[in-house]
Each structure stands twice: as structure tokens, then as C-alpha cells.
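Q: Mind having a look at this structure? Questions to follow.
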Amino acid sequence: MPLYKTITVDESTNLLIWKIEESYEQLSKGIELTDHCQDRVDGMKSDMHRRAFMSVRHLLAVFGYIDHDLYYDEFGKPHLKDGKHISISHSFNYAGIIVSDKLVGIDIEKQREKIHIIAHKFVNEFENGYIEEDIDKTRSLTIIWGAKESLYKLYGTAGLSFKQHVYISPFTIDHPFIYGAINYNDSISHYDMSFIEFDGFTCVYAQPATDI
């Protein structure tokens, strides 16, 4: 099976990435979906989305879970019935999940030049201050977007703005550890994040900071 990467973040946090190479029919073998999830996948028009959906179920199986162990809240955030925290992401032919005793978030993004067009929607003045001199803005912008997306998934609260409420500290491409903060509803929380790059993709994962 194309389990692409396995990362042990800490003693209670593990991340898996799947490279989607199989057909939907191949990925469906041995997987039993809940009625709700079967309806979801049946309603997907994109074959790639259907394959990504099923590959996530194979990643769950690596952790010993089945589809029935997963449920979603009113904000669309996934949860595990045993109380562990989970976050899910997929982009093109890669899918990933992270499971932990702590709150976690993950995002996988393809590095594309079009991110420059939408940068003004998620990069705030603070981040613009250090990214303007970056020699590889596409990669840096993808990291910032992935970091904010992973924090959004971790936070799981409606109304959070990438540009107004989420802040990413200065970082360098050759140092895969970054820090972020969310300032929302008169409350500030801090987060540790890491990123990896592979095959033109960026994966960022986040958890609450341990040294704040």
C-alpha cells in the first residue's frame, strides 16, 4: 500500500501521509462506510475526491480505526469516538491524517504560483513585513497558508479569519519549525507547528505550544 510518510511527532502524536495511486474500486476493498459517509462519497463528482476520501479510511485503519469510529461536529470538524483528536487533509494525489491526545491540525497544499493572486486575502501586515524579502515566495506563502489552515482546523470555531485573527511568526525555509498565534474573542493562544515539503507539496501540522 502506498503509505508515503510516517512521522512520530511525540509520544502521543502521529502523522501519516498516503500517496493516492489506486483506483476508487481498489481503495474501496475492505472498507465499510457508515451510511452518512457512503452518501457523501456517492455524491462526490470528482473521482480524485472519492479516492482521497477512501485513502483516508485506509490511514484510519493503520491506527486501528474504522469509519464508524469517526464523526463530524456542526462545524465539520472530525472527531474520534475514543476521545483522541484527529485532523484530516488531502490535496491532489496526497492525503494525510494526524492523531493525538492533544488538539491538532494538518494541511497539505500543492505549491502553485496562483497563491500569489490570493495572498492578500490571508497574509496580514505583520507577515508581509518579513515575506517581502523572501527569495522563494511561492513556498513561503504556501507554508503560511498551510499553517493558517491547520490552525483553523485545530481551533474549530466559526468566524475565525485567516488575515485578522491568525498570525504566523517569521520563519526560514531551511528550518521546519514555525510558531503561530490566534487572537480571537479577546483570547490569545499560541501554537507550535512544523512543515515538510515533498514532490512540490507542503504539509503543515500544528498543536498547542508547550513552552508558553
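We name chains A, B, ... following the order of the C-alpha cells; residues begin at 1 in each chain, and ligands are numbered from 1 as shown.
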Sorted by chain and rising residue number, which residues of segment 121-150 of chain A lie within 12 Å of segment 85-102 of chain A, and what are their closest atom pairs and distances in Å to one decimal, counting only C-alpha atoms, as JSON lines?
A:
{"residue": "A:Gly146", "atom": "CA", "partner": "A:Ser89", "partner_atom": "CA", "distance": 10.3}
{"residue": "A:Glu149", "atom": "CA", "partner": "A:Ser89", "partner_atom": "CA", "distance": 9.8}
{"residue": "A:Ser150", "atom": "CA", "partner": "A:Ser87", "partner_atom": "CA", "distance": 8.3}
Q: Which residues come within 12 Å of Gln164 of chain A, counting only C-alpha atoms, excluding same-chain residues fewer than 3 positions away, as a list in words?
A: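 In the requested format, the answer is His120, Lys121, Phe122, Val123, Asn124, Glu125, Phe126, Glu127, Lys148, Gly159, Leu160, Ser161, Tyr167, Ile168, Ala181, Ile182, Asn183, Tyr184 and Asn185 of chain A.
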Q: Just checking: using only C-alpha atoms, which residue out of A:Thr34, A:Thr142, A:Asn128, A:Ser23 ends up closest to Phe195 of chain A?
A: A:Thr142
Q: Run DSSP on the backbone of this structure and report the residues of chain A it assigns to strand (DSSP E or B), as JSON, numbers by chain.
A: {"A": [3, 4, 5, 6, 7, 8, 9, 10, 13, 14, 15, 16, 17, 18, 19, 70, 71, 72, 78, 79, 80, 85, 86, 87, 88, 89, 90, 91, 94, 95, 96, 97, 98, 99, 100, 105, 106, 107, 108, 109, 110, 166, 167, 168, 177, 178, 179, 180, 181, 182, 183, 184, 187, 188, 189, 190, 191, 192, 193, 194, 195, 196, 197, 198, 201, 202, 203, 204, 205, 206, 207, 208]}
Q: I'd like to know which of A:Gly83, A:Pro170, A:Pro208, A:Gly200 is closest to Ile108 of chain A, using only C-alpha atoms.
A: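 Looking only at the distances to Ile108 of chain A, the closest residue turns out to be A:Gly200.
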Q: Figure out the distance between atom CA of Leu103 of chain A and atom CA of Ile118 of chain A, please, to one decimal in Å.
A: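 Separation between atom CA of Ile118 of chain A and atom CA of Leu103 of chain A: 28.1 Å.
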Q: Do you know which residues are at most 9 Å from Asp192 of chain A counting only C-alpha atoms, after dropping those on the same chain fewer than 2 positions away, and could you put them as a PyMOL selection string?
A: chain A and resi 177-181+190+194+205-210
Q: Nearest to Ile20 of chain A among A:Lys45, A:His58, A:His116, A:His175, with distances taken over only C-alpha atoms: which residue is it?
A: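 Selected residue with least distance to Ile20 of chain A: A:His58.
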Q: Find, counting only C-alpha atoms, the residue in A:Gln26, A:Gln38, A:Ser12, A:Gln111 that gets nearest to Cys203 of chain A.
A: A:Gln111
Q: Between atom CA of Tyr130 of chain A and atom CA of Ala158 of chain A, what distance in Å does the model show, to one decimal?
A: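 For atom CA of Tyr130 of chain A relative to atom CA of Ala158 of chain A, the distance reads 28.4 Å.
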Q: Could you check which of A:Leu59, A:Ile143, A:Met193, A:Val204 is closest to Thr6 of chain A, using only C-alpha atoms?
A: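 Result for the nearest residue to Thr6 of chain A: A:Leu59.
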Q: Nearest residue to Ile7 of chain A out of A:Asp174, A:Asp35, A:Ile196, A:Lys114, using only C-alpha atoms?
A: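 Counting only C-alpha atoms, the residue closest to Ile7 of chain A is A:Ile196.
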Q: Work out how far apart atom CA of Ile66 of chain A and atom CA of Glu32 of chain A are and give it in Å to one decimal.
A: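 Here the two named atoms are 7.7 Å from each other.
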